[in-house]
Amino acid sequence: MPSDSPPPYYNGTSNETLPLKGGLRSHTRSASVMRIILVVVVFGLCFHAVDDYYNTDRPSVSARMRSMWEQEQRDQEVAFNETRRGWAMQRLEWLYDFAAEKNRLQEARNDEDVLAREARRQQKIKWEQEASAWRKSFNTTRIQWLQQFEEQKASAQKELNRLREEQVRQRQKHDEERVTLERDLEKAKEAARLDTERRLRAYLTWRALTPHQECISYGTRMYEAELMNVPADADGLAWCQDTAIQIHSVNYQRPTYCSRDAHTIMGYWKVASNEPTCTTFWESFLDNGCLAAGSGQRVCSFPRASPIFNPPLAI
């Protein structure tokens with residue numbers, strides 16, 4: 001029986017040269033060898049077990065492997081059947097939900113269709129009422145338009161008849177005026193022909209063409225002459241206005257104006273050609289000497305200029 005008392009006090013001297021306990025090193029070496037043997041045995045057993053498990057050449061291993069595969073296949077089939085059953089249940093639930101939603105939508109659509117049909121019916125009744133009112137108003141307006149059209153047509157026809165009658169009267173009046181005008185024109189032509197014949201027989205001529213002393217404007221002078229051989233019963237002024245003359249080789253078809261006294265008929269013309277005496281010109285000049293010594297200019301004066309001015313001229 002062990003004692004609870006402490007170990008006896010060691011009072012011996014301690015020296016490093018003293019040896020340790022002799023069995024410690026041999027005990028450590030034997031433990032290591034045992035460990036190595038134990039590891040080798042365990043590894044062999046594991047290798048044998050694994051080799052025995054996976055060796056398909058042995059009948060027992062093949063049967064075990066086939067049994068495991070069959071079991072795994074059965075498990076997979078069971079899991080697949082369960083999954084497919086779950087899918088079928090989900091599909092049934094989805095179909096049920098879809099049918100319910102479809103029924104709900106159909107009911108809502110039916111309700112909406114009822115409301116829409118009622119709204120369309122009310123709208124149709126309103127449209128028919130409006131169309132009836134519009135047709136009634138249109139017929140009333142159409143009758144008024146037809147009445148106004150008939151009144152306007154009658155008024156237009158009346159106005160057209162009046163215009164046609166007025167046109168007939170205007171045409172008749174125009175025809176009468178045309179006939180009168182043609183008759184007057186024939187009379188005027190005949191009178192002109194007779195007058196021309198009388199003029200030719202009378203041998204009208206201008207006598208004593210005389211220029212006036214004064215110029216009436218720059219380059220213009222008045223001429224006058226007496227018309228001869230005018231019959232006593234003729235219109236002398238008219239014959240004067242239609243008798244031509246030639247002055248300075250220029251033909252004048254008629255005088256500027258004519259005058260008549262008791263015995264003579266005079267014609268007057270404004271002649272603006274070949275009248276140099278009616279223009280300003282210098283007639284002669286006097287040499288008054290140089291303007292200044294070395295200036296190169298000479299002073300000349302004109303004692304008489306025709307017809308307006310006579311200024312000094314520096315040459």
# chains A, B, ... in the order shown; residues from 1 in each chain; ligands from 1
$ select_by_dssp --residues "stretch 150-234 of chain A" --states "helix (DSSP H, G or I)" --output "PyMOL selection string"
chain A and resi 150-202
$ select_by_dssp --residues "stretch 54-245 of chain A" --states "strand (DSSP E)" --output "mmCIF file with C-alpha atoms, in the first residue's frame"
data_model
loop_
_atom_site.group_PDB
_atom_site.id
_atom_site.type_symbol
_atom_site.label_atom_id
_atom_site.label_comp_id
_atom_site.auth_asym_id
_atom_site.auth_seq_id
_atom_site.Cartn_x
_atom_site.Cartn_y
_atom_site.Cartn_z
ATOM 1 C CA THR A 205 -52.308 127.767 -154.211
ATOM 2 C CA TRP A 206 -50.435 129.916 -151.729
ATOM 3 C CA ARG A 207 -49.362 133.330 -152.924
ATOM 4 C CA ALA A 208 -46.803 135.798 -151.586
ATOM 5 C CA LEU A 209 -45.102 133.699 -148.876
ATOM 6 C CA THR A 210 -43.577 136.418 -146.638
ATOM 7 C CA PRO A 211 -41.404 136.056 -143.474
ATOM 8 C CA HIS A 212 -42.024 138.349 -140.508
ATOM 9 C CA GLN A 213 -39.293 140.756 -139.497
ATOM 10 C CA GLU A 214 -39.243 139.691 -135.835
ATOM 11 C CA CYS A 215 -38.183 136.274 -134.525
ATOM 12 C CA ILE A 216 -40.724 134.683 -132.186
ATOM 13 C CA SER A 217 -38.120 132.450 -130.443
ATOM 14 C CA THR A 220 -37.956 130.347 -135.171
ATOM 15 C CA ARG A 221 -39.702 132.874 -137.417
ATOM 16 C CA MET A 222 -43.309 133.306 -138.507
ATOM 17 C CA TYR A 223 -44.278 133.093 -142.203
ATOM 18 C CA GLU A 224 -47.568 134.063 -143.832
ATOM 19 C CA ALA A 225 -49.164 133.568 -147.262
ATOM 20 C CA GLU A 226 -52.529 134.115 -148.961
ATOM 21 C CA LEU A 227 -54.644 131.195 -150.150
ATOM 22 C CA MET A 228 -55.827 131.769 -153.715
ATOM 23 C CA ILE A 245 -46.949 124.215 -148.496
#
$ atom_distance --atom1 "atom CA of A:Gln246" --atom2 "atom CA of A:Trp269"
10.6 Å
$ atom_distance --atom1 "atom CA of A:Ala262" --atom2 "atom CA of A:Thr243"
20.0 Å
$ residues_around --residues "stretch 251-260 of chain A" --least-positions-apart "2" --cutoff "8 Å" --atoms "only C-alpha atoms" --output "MDAnalysis selection string"
chainID A and resid 236:237 240:247 249 262:270
$ decode --residues "stretch 179-210 of chain A" --atoms "N, CA and C atoms" --output "JSON list (two decimals), in the first residue's frame"
[["chain", "number", "residue", "atom", "x", "y", "z"],
["A", 179, "VAL", "N", -76.02, 101.92, -138.85],
["A", 179, "VAL", "CA", -76.56, 102.31, -140.16],
["A", 179, "VAL", "C", -76.47, 103.82, -140.35],
["A", 180, "THR", "N", -76.85, 104.54, -139.27],
["A", 180, "THR", "CA", -76.78, 106.01, -139.35],
["A", 180, "THR", "C", -75.34, 106.46, -139.53],
["A", 181, "LEU", "N", -74.42, 105.84, -138.78],
["A", 181, "LEU", "CA", -73.01, 106.22, -138.89],
["A", 181, "LEU", "C", -72.47, 105.90, -140.28],
["A", 182, "GLU", "N", -72.83, 104.72, -140.77],
["A", 182, "GLU", "CA", -72.37, 104.38, -142.12],
["A", 182, "GLU", "C", -72.94, 105.37, -143.15],
["A", 183, "ARG", "N", -74.21, 105.74, -142.93],
["A", 183, "ARG", "CA", -74.82, 106.71, -143.84],
["A", 183, "ARG", "C", -74.12, 108.06, -143.74],
["A", 184, "ASP", "N", -73.84, 108.49, -142.48],
["A", 184, "ASP", "CA", -73.13, 109.76, -142.30],
["A", 184, "ASP", "C", -71.72, 109.67, -142.86],
["A", 185, "LEU", "N", -71.08, 108.48, -142.67],
["A", 185, "LEU", "CA", -69.72, 108.32, -143.19],
["A", 185, "LEU", "C", -69.73, 108.38, -144.71],
["A", 186, "GLU", "N", -70.72, 107.74, -145.30],
["A", 186, "GLU", "CA", -70.82, 107.81, -146.76],
["A", 186, "GLU", "C", -71.04, 109.25, -147.21],
["A", 187, "LYS", "N", -71.90, 109.97, -146.48],
["A", 187, "LYS", "CA", -72.13, 111.37, -146.83],
["A", 187, "LYS", "C", -70.84, 112.17, -146.67],
["A", 188, "ALA", "N", -70.08, 111.90, -145.55],
["A", 188, "ALA", "CA", -68.83, 112.64, -145.34],
["A", 188, "ALA", "C", -67.82, 112.30, -146.42],
["A", 189, "LYS", "N", -67.77, 110.99, -146.76],
["A", 189, "LYS", "CA", -66.84, 110.62, -147.84],
["A", 189, "LYS", "C", -67.24, 111.29, -149.16],
["A", 190, "GLU", "N", -68.54, 111.29, -149.41],
["A", 190, "GLU", "CA", -68.99, 111.94, -150.64],
["A", 190, "GLU", "C", -68.71, 113.42, -150.61],
["A", 191, "ALA", "N", -68.96, 114.07, -149.45],
["A", 191, "ALA", "CA", -68.67, 115.50, -149.35],
["A", 191, "ALA", "C", -67.18, 115.76, -149.49],
["A", 192, "ALA", "N", -66.33, 114.90, -148.87],
["A", 192, "ALA", "CA", -64.88, 115.08, -148.99],
["A", 192, "ALA", "C", -64.44, 114.88, -150.43],
["A", 193, "ARG", "N", -65.06, 113.88, -151.09],
["A", 193, "ARG", "CA", -64.70, 113.65, -152.49],
["A", 193, "ARG", "C", -65.08, 114.86, -153.35],
["A", 194, "LEU", "N", -66.28, 115.36, -153.11],
["A", 194, "LEU", "CA", -66.71, 116.54, -153.88],
["A", 194, "LEU", "C", -65.84, 117.74, -153.55],
["A", 195, "ASP", "N", -65.49, 117.86, -152.23],
["A", 195, "ASP", "CA", -64.65, 118.99, -151.84],
["A", 195, "ASP", "C", -63.27, 118.88, -152.48],
["A", 196, "THR", "N", -62.75, 117.65, -152.52],
["A", 196, "THR", "CA", -61.44, 117.46, -153.15],
["A", 196, "THR", "C", -61.50, 117.76, -154.63],
["A", 197, "GLU", "N", -62.59, 117.30, -155.24],
["A", 197, "GLU", "CA", -62.73, 117.61, -156.67],
["A", 197, "GLU", "C", -62.83, 119.12, -156.90],
["A", 198, "ARG", "N", -63.56, 119.81, -156.01],
["A", 198, "ARG", "CA", -63.67, 121.26, -156.16],
["A", 198, "ARG", "C", -62.31, 121.93, -155.94],
["A", 199, "ARG", "N", -61.57, 121.39, -154.97],
["A", 199, "ARG", "CA", -60.23, 121.97, -154.75],
["A", 199, "ARG", "C", -59.34, 121.75, -155.97],
["A", 200, "LEU", "N", -59.41, 120.52, -156.47],
["A", 200, "LEU", "CA", -58.58, 120.28, -157.65],
["A", 200, "LEU", "C", -58.99, 121.16, -158.82],
["A", 201, "ARG", "N", -60.34, 121.32, -158.95],
["A", 201, "ARG", "CA", -60.79, 122.19, -160.04],
["A", 201, "ARG", "C", -60.43, 123.65, -159.77],
["A", 202, "ALA", "N", -60.40, 124.03, -158.48],
["A", 202, "ALA", "CA", -60.09, 125.43, -158.17],
["A", 202, "ALA", "C", -58.61, 125.73, -158.24],
["A", 203, "TYR", "N", -57.75, 124.71, -158.23],
["A", 203, "TYR", "CA", -56.29, 124.91, -158.27],
["A", 203, "TYR", "C", -55.85, 125.81, -157.11],
["A", 204, "LEU", "N", -56.07, 125.34, -155.88],
["A", 204, "LEU", "CA", -55.67, 126.13, -154.71],
["A", 204, "LEU", "C", -54.16, 126.30, -154.70],
["A", 205, "THR", "N", -53.73, 127.48, -154.28],
["A", 205, "THR", "CA", -52.31, 127.77, -154.21],
["A", 205, "THR", "C", -52.06, 128.87, -153.20],
["A", 206, "TRP", "N", -50.84, 128.88, -152.68],
["A", 206, "TRP", "CA", -50.44, 129.92, -151.73],
["A", 206, "TRP", "C", -49.66, 130.99, -152.50],
["A", 207, "ARG", "N", -50.01, 132.21, -152.21],
["A", 207, "ARG", "CA", -49.36, 133.33, -152.92],
["A", 207, "ARG", "C", -48.69, 134.24, -151.91],
["A", 208, "ALA", "N", -47.53, 134.77, -152.36],
["A", 208, "ALA", "CA", -46.80, 135.80, -151.59],
["A", 208, "ALA", "C", -46.42, 135.28, -150.20],
["A", 209, "LEU", "N", -45.61, 134.19, -150.16],
["A", 209, "LEU", "CA", -45.10, 133.70, -148.88],
["A", 209, "LEU", "C", -44.10, 134.71, -148.34],
["A", 210, "THR", "N", -44.37, 135.31, -147.16],
["A", 210, "THR", "CA", -43.58, 136.42, -146.64],
["A", 210, "THR", "C", -43.16, 136.11, -145.20]]
